[in-house]
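Peer 1: Sharing a structure below in structure tokens format, with a few things to ask.
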Amino acid sequence: MDETHAELFTDSLRPHAASWDQAGQLPAGIVQDLARAGLLACDLPVRYGGSASSPLALGRLCAELGGVCSALRSLVTVQGMVAASVLRWGTEEQRSRWLPALAGGDLLAGFAATEDGAGTELSAVASTLRRDGAGLVLDGHKRWVTFGERADVLLVLARLDGHLATVLVETDRPGVTTESVRGLLGLRAAHVAHVRFDAVRVPQENLVAPPGFGLSHVVAVALDHGRHTIAWGCVGMAAACVDHVSAHAAGRRQGTVLLSDHQVVRARLGRAVVTTAAARELCVRAAASRQDGGPDALLDTVIAKYAAARAAATVSQDALQLMGAVGCTADSPVERFFRDARITQLIEGAEQVAEVRIGDHALRGRTRRPAGGQGTTDGPAR
């Protein structure tokens, strides 16, 4: 991936982001446009159609996308989540079949895990797979699937032989139906849908990893990859908000006084700059951990995602406050980022779940959990 070319391509999309959000959809052909620009699953090895981009390069790309359109960043995120899972846990036959199509934009992927009774606690999924001859039959109802409205293939979490398993399901198979979700608070152009599977027949070879590995291994890889890209996307949103509100404060007059002449305004801008910079450094640290494959890579990614999502939410709220009515209009990037940022505090691990996980790490070896304490997984997921 050529980072300069990627930045120019992403910047060319900036004028369209507000209209995409208002329309609730991305334009036809955007998947192929992203693929041609080398932005889909760019961290895959070259032999599978990627460019072997480092975690830092992938992060910087998602920061650029996040500062333009969170729905675009979500597309790159979900495509990467599925690709990362297949790369890590798929067979060589599965990698050769699916990964070039994902990197090349021939297929759009979705990640279907969340259900009515399984959000934060993904181990509670009720969707089922059963064996039927040489194949599998899938039944279930998945909720809030990002790009579920347009996805060509879904990575689905379900139960098989009493164990959690993951399977790749093409959406043109009989029995797959989608219900579009409109009017969401944020990520309105991310084609979110509820997806139902009614006796959907799937080949055995679409099963990714053995039963029992579905949540702890395959989904874990997907969520970890998702957190990394979301964290960087949040940094991009926060940085964009700083730019917008700084330009507004420098040019906005109240009577004869510039908004930027008020100390309280400069102080709030200063806090926004520091908050954004701190989140970026945590993302850089996480990228370095991921590159090295160190023991703290997973935790560093959780910390980065937690801090960056909070930064995006805080900075966008402060920017909205300083911009007043100007920031509240439908074509204001700050208004859109304010809505999108709140969603990032929920997906791929709600911030309360992240706090518990980070706290558990801090207490490791120092205390014992109370008897009967409950654990959680890292949802809600897409």
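Chain labels A, B, ... are given in the sequence in which chains occur in the structure tokens; within each chain residues are numbered consecutively from 1, and ligands are likewise numbered from 1 in the order shown.
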Check segment 169-222 of chain A with DSSP on the backbone and list each residue it calls strand (DSSP E or B), as a list in words.
Peer 2: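 Taking segment 169-222 of chain A and keeping strand (DSSP E or B) only, one gets Val169, Glu170, Val176, Thr177, Thr178, Glu179, Ser180, Ala193, His194, Val195, Arg196, Phe197, Asp198, Ala199, Val200, Arg201, Val202, Pro203, Leu207 and Val208 of chain A.
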Peer 1: Output C-alpha atoms for every residue in that selection, as a PDB file, in the first residue's frame.
Peer 2:
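Written output follows (result35.pdb):
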ATOM      1  CA  VAL A 169     -21.922 -18.171   4.534  1.00  0.00           C
ATOM      2  CA  GLU A 170     -22.536 -16.681   1.100  1.00  0.00           C
ATOM      3  CA  VAL A 176     -30.619 -15.988   3.940  1.00  0.00           C
ATOM      4  CA  THR A 177     -32.727 -12.838   4.379  1.00  0.00           C
ATOM      5  CA  THR A 178     -31.763  -9.355   5.503  1.00  0.00           C
ATOM      6  CA  GLU A 179     -33.626  -6.542   7.195  1.00  0.00           C
ATOM      7  CA  SER A 180     -32.054  -3.125   6.684  1.00  0.00           C
ATOM      8  CA  ALA A 193     -28.761  -5.036   8.830  1.00  0.00           C
ATOM      9  CA  HIS A 194     -30.305  -7.852  10.810  1.00  0.00           C
ATOM     10  CA  VAL A 195     -29.752 -11.177   9.067  1.00  0.00           C
ATOM     11  CA  ARG A 196     -31.861 -14.325   9.372  1.00  0.00           C
ATOM     12  CA  PHE A 197     -30.746 -17.834   8.440  1.00  0.00           C
ATOM     13  CA  ASP A 198     -33.546 -20.337   7.855  1.00  0.00           C
ATOM     14  CA  ALA A 199     -32.247 -23.842   7.110  1.00  0.00           C
ATOM     15  CA  VAL A 200     -29.347 -22.449   5.075  1.00  0.00           C
ATOM     16  CA  ARG A 201     -27.257 -25.236   3.575  1.00  0.00           C
ATOM     17  CA  VAL A 202     -23.508 -24.594   3.748  1.00  0.00           C
ATOM     18  CA  PRO A 203     -20.652 -26.809   2.559  1.00  0.00           C
ATOM     19  CA  LEU A 207     -16.283 -24.172   8.405  1.00  0.00           C
ATOM     20  CA  VAL A 208     -13.381 -22.073   9.762  1.00  0.00           C
TER      21      VAL A 208
END
Peer 1: Enumerate as an MDAnalysis selection string all residues of segment 50-299 of chain A assigned to alpha helix (DSSP H) by DSSP on the backbone, naming them with the chain letters and numbers the document uses.
Peer 2: chainID A and resid 55:66 70:89 92:103 220:251 263:292 297:299
Peer 1: Of the candidates A:Trp144, A:Thr329, A:Arg150, A:Gly80, which shows the shortest atom-to-atom distance to Arg182 of chain A, using only C-alpha atoms?
Peer 2: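 For Arg182 of chain A, the nearest of the candidates is A:Trp144.
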Peer 1: Could you check the closest approach to Leu155 of chain A for each of A:Ser12, A:Gln291, A:Asn206, A:Thr91 and tell me which residue wins, using only C-alpha atoms?
Peer 2: A:Asn206
Peer 1: Please determine, counting only C-alpha atoms, which residue among A:Glu121, A:Glu335, A:Asp106, A:Asp243 has the shortest atom-to-atom distance to Gly49 of chain A.
Peer 2: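 The closest residue to Gly49 of chain A is A:Asp106.
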Peer 1: Have a look at A:Ala272, A:Ile303, A:Leu187, A:Ala209 and name the one nearest to Leu72 of chain A; count only C-alpha atoms.
Peer 2: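 Ranked by minimum distance to Leu72 of chain A, first place goes to A:Leu187.
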Peer 1: Restricting the calculation to only C-alpha atoms: of A:Gly59, A:Arg88, A:Val167, A:Gly104, which residue gets closest to Asp33 of chain A?
Peer 2: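 Of A:Gly59, A:Arg88, A:Val167, A:Gly104, the one nearest Asp33 of chain A is A:Gly104, counting only C-alpha atoms.
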Peer 1: Using only C-alpha atoms for the distances, tell me which of A:Ala312, A:Leu299, A:Val334, A:Val257 is nearest to Asp360 of chain A.
Peer 2: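 Among the listed residues, A:Leu299 lies closest to Asp360 of chain A.
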Peer 1: Calculate how many Å separate atom CA of Val218 of chain A from atom CA of Val284 of chain A, rounding to one decimal.
Peer 2: 24.8 Å
Peer 1: Would you pick out the contacts of His163 of chain A at 10 Å or less, using only C-alpha atoms, so that residues sharing its chain but fewer than 6 positions from it are not included, and give the list as a VMD selection string?
Peer 2: chain A and resid 123 128 to 129 210 to 215
Peer 1: Excluding segment 23-31 of chain A and residues on its chain fewer than 3 positions from it, collect all residues at most 6 Å away from it, counting only C-alpha atoms, and give them as a list in words.
Peer 2: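 Everything that qualifies: Ser19, Trp20, Leu34, Gly105, Arg188 and Ala189 of chain A.
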Peer 1: Atom CA of Ala231 of chain A and atom CA of Thr344 of chain A, how far apart in Å?
Peer 2: 8.5 Å
Peer 1: Taking 2 positions as the minimum chain separation for residues in the same chain, which residues sit within 9 Å of Trp98 of chain A when counting only C-alpha atoms? Answer as a short mmCIF file (atom, residue, chain, number, x, y, z; two decimals) with all heavy atoms, in the first residue's frame.
Peer 2:
data_model
loop_
_atom_site.label_atom_id
_atom_site.label_comp_id
_atom_site.auth_asym_id
_atom_site.auth_seq_id
_atom_site.Cartn_x
_atom_site.Cartn_y
_atom_site.Cartn_z
N TYR A 48 -1.59 -13.46 -1.01
CA TYR A 48 -3.05 -13.52 -0.93
C TYR A 48 -3.71 -12.23 -1.41
O TYR A 48 -4.90 -12.02 -1.20
CB TYR A 48 -3.49 -13.82 0.50
CG TYR A 48 -3.06 -15.18 1.00
CD1 TYR A 48 -2.33 -15.30 2.18
CD2 TYR A 48 -3.36 -16.34 0.29
CE1 TYR A 48 -1.93 -16.54 2.65
CE2 TYR A 48 -2.95 -17.58 0.74
CZ TYR A 48 -2.24 -17.68 1.93
OH TYR A 48 -1.84 -18.91 2.38
N ALA A 83 -10.91 -11.23 6.99
CA ALA A 83 -9.67 -11.68 6.35
C ALA A 83 -8.65 -12.16 7.38
O ALA A 83 -8.00 -13.19 7.20
CB ALA A 83 -9.08 -10.56 5.50
N VAL A 86 -9.63 -15.66 8.70
CA VAL A 86 -9.37 -16.73 7.74
C VAL A 86 -7.86 -16.96 7.60
O VAL A 86 -7.40 -18.11 7.52
CB VAL A 86 -10.00 -16.41 6.38
CG1 VAL A 86 -9.61 -17.45 5.32
CG2 VAL A 86 -11.52 -16.33 6.50
N GLU A 93 -6.53 -24.11 1.67
CA GLU A 93 -7.55 -24.04 0.62
C GLU A 93 -8.48 -22.85 0.85
O GLU A 93 -8.84 -22.14 -0.10
CB GLU A 93 -8.35 -25.34 0.58
CG GLU A 93 -9.41 -25.37 -0.52
CD GLU A 93 -10.21 -26.66 -0.51
OE1 GLU A 93 -9.89 -27.57 0.28
OE2 GLU A 93 -11.18 -26.75 -1.31
N GLN A 94 -8.89 -22.64 2.08
CA GLN A 94 -9.76 -21.50 2.39
C GLN A 94 -9.05 -20.17 2.15
O GLN A 94 -9.64 -19.23 1.61
CB GLN A 94 -10.24 -21.59 3.84
CG GLN A 94 -11.26 -22.69 4.08
CD GLN A 94 -11.57 -22.87 5.56
OE1 GLN A 94 -10.75 -22.55 6.43
NE2 GLN A 94 -12.77 -23.37 5.85
N ARG A 95 -7.79 -20.09 2.54
CA ARG A 95 -7.05 -18.85 2.32
C ARG A 95 -6.93 -18.53 0.83
O ARG A 95 -7.14 -17.39 0.41
CB ARG A 95 -5.65 -18.97 2.93
CG ARG A 95 -5.62 -19.09 4.44
CD ARG A 95 -4.19 -19.21 4.93
NE ARG A 95 -4.16 -19.62 6.32
CZ ARG A 95 -3.40 -20.61 6.81
NH1 ARG A 95 -2.61 -21.30 5.97
NH2 ARG A 95 -3.42 -20.90 8.09
N SER A 96 -6.61 -19.54 0.06
CA SER A 96 -6.45 -19.33 -1.38
C SER A 96 -7.77 -18.96 -2.05
O SER A 96 -7.79 -18.20 -3.03
CB SER A 96 -5.88 -20.60 -2.03
OG SER A 96 -4.61 -20.89 -1.51
N PRO A 100 -7.80 -13.65 -1.58
CA PRO A 100 -7.63 -12.78 -2.75
C PRO A 100 -8.92 -12.06 -3.13
O PRO A 100 -8.89 -10.91 -3.59
CB PRO A 100 -7.18 -13.74 -3.84
CG PRO A 100 -6.53 -14.88 -3.11
CD PRO A 100 -7.36 -15.03 -1.87
N ALA A 101 -10.07 -12.73 -2.97
CA ALA A 101 -11.35 -12.09 -3.29
C ALA A 101 -11.67 -10.96 -2.34
O ALA A 101 -12.26 -9.94 -2.73
CB ALA A 101 -12.47 -13.13 -3.26
N LEU A 102 -11.29 -11.09 -1.06
CA LEU A 102 -11.51 -10.02 -0.09
C LEU A 102 -10.58 -8.85 -0.34
O LEU A 102 -10.99 -7.68 -0.32
CB LEU A 102 -11.33 -10.56 1.33
CG LEU A 102 -12.36 -11.59 1.79
CD1 LEU A 102 -11.99 -12.13 3.17
CD2 LEU A 102 -13.76 -10.98 1.83
N ALA A 103 -9.31 -9.13 -0.60
CA ALA A 103 -8.35 -8.05 -0.86
C ALA A 103 -8.64 -7.36 -2.18
O ALA A 103 -8.41 -6.15 -2.32
CB ALA A 103 -6.93 -8.62 -0.85
N LEU A 107 -15.41 -9.63 -3.26
CA LEU A 107 -16.40 -9.97 -2.25
C LEU A 107 -16.36 -8.94 -1.13
O LEU A 107 -15.29 -8.50 -0.72
CB LEU A 107 -16.12 -11.36 -1.65
CG LEU A 107 -16.26 -12.58 -2.57
CD1 LEU A 107 -15.83 -13.82 -1.82
CD2 LEU A 107 -17.68 -12.72 -3.10
#
Peer 1: Rounded to one decimal, what separation in Å do you get between atom CA of Asp161 of chain A and atom CA of Ala84 of chain A?
Peer 2: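 Separating atom CA of Asp161 of chain A from atom CA of Ala84 of chain A is a distance of 25.1 Å.
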Peer 1: Using only C-alpha atoms, determine which residues lie at most 10 Å from Gly327 of chain A, disregarding the query and same-chain residues fewer than 6 positions distant; provide the list as a PyMOL selection string.
Peer 2: chain A and resi 244-245+248+316+319-321+333-336+338
Peer 1: For the selection you just gave me, I'd like the residues written to a file as a compact mmCIF listing (two decimals), in the first residue's frame, keeping N, CA, C and O atoms.
Peer 2:
# COMPACT_ATOMS: atom_id res chain seq x y z
N HIS A 244 -11.27 21.26 12.62
CA HIS A 244 -12.49 22.02 12.31
C HIS A 244 -12.76 23.10 13.36
O HIS A 244 -13.08 24.24 13.01
N VAL A 245 -12.66 22.74 14.62
CA VAL A 245 -13.00 23.72 15.66
C VAL A 245 -11.92 24.79 15.77
O VAL A 245 -12.22 25.96 16.07
N HIS A 248 -12.69 27.23 13.05
CA HIS A 248 -13.88 28.00 13.42
C HIS A 248 -13.52 29.06 14.46
O HIS A 248 -13.92 30.24 14.32
N SER A 316 -15.05 15.45 20.13
CA SER A 316 -16.17 15.85 19.26
C SER A 316 -17.23 16.61 20.05
O SER A 316 -17.83 17.57 19.54
N ALA A 319 -15.84 20.08 20.62
CA ALA A 319 -15.86 20.84 19.37
C ALA A 319 -17.27 21.31 19.05
O ALA A 319 -17.48 22.47 18.63
N LEU A 320 -18.24 20.44 19.28
CA LEU A 320 -19.63 20.81 19.05
C LEU A 320 -20.06 21.95 19.96
O LEU A 320 -20.74 22.89 19.54
N GLN A 321 -19.62 21.91 21.21
CA GLN A 321 -19.95 22.96 22.16
C GLN A 321 -19.37 24.31 21.73
O GLN A 321 -20.04 25.34 21.80
N PRO A 333 -19.14 18.15 9.64
CA PRO A 333 -18.39 16.93 9.99
C PRO A 333 -18.35 16.70 11.49
O PRO A 333 -18.39 15.54 11.93
N VAL A 334 -18.31 17.76 12.28
CA VAL A 334 -18.25 17.61 13.73
C VAL A 334 -19.52 16.94 14.27
O VAL A 334 -19.46 16.07 15.15
N GLU A 335 -20.66 17.35 13.74
CA GLU A 335 -21.93 16.73 14.17
C GLU A 335 -21.93 15.25 13.82
O GLU A 335 -22.36 14.40 14.63
N ARG A 336 -21.41 14.89 12.66
CA ARG A 336 -21.37 13.49 12.24
C ARG A 336 -20.39 12.70 13.10
O ARG A 336 -20.68 11.58 13.54
N PHE A 338 -19.48 13.41 16.12
CA PHE A 338 -20.05 13.33 17.46
C PHE A 338 -20.96 12.10 17.57
O PHE A 338 -20.90 11.35 18.55
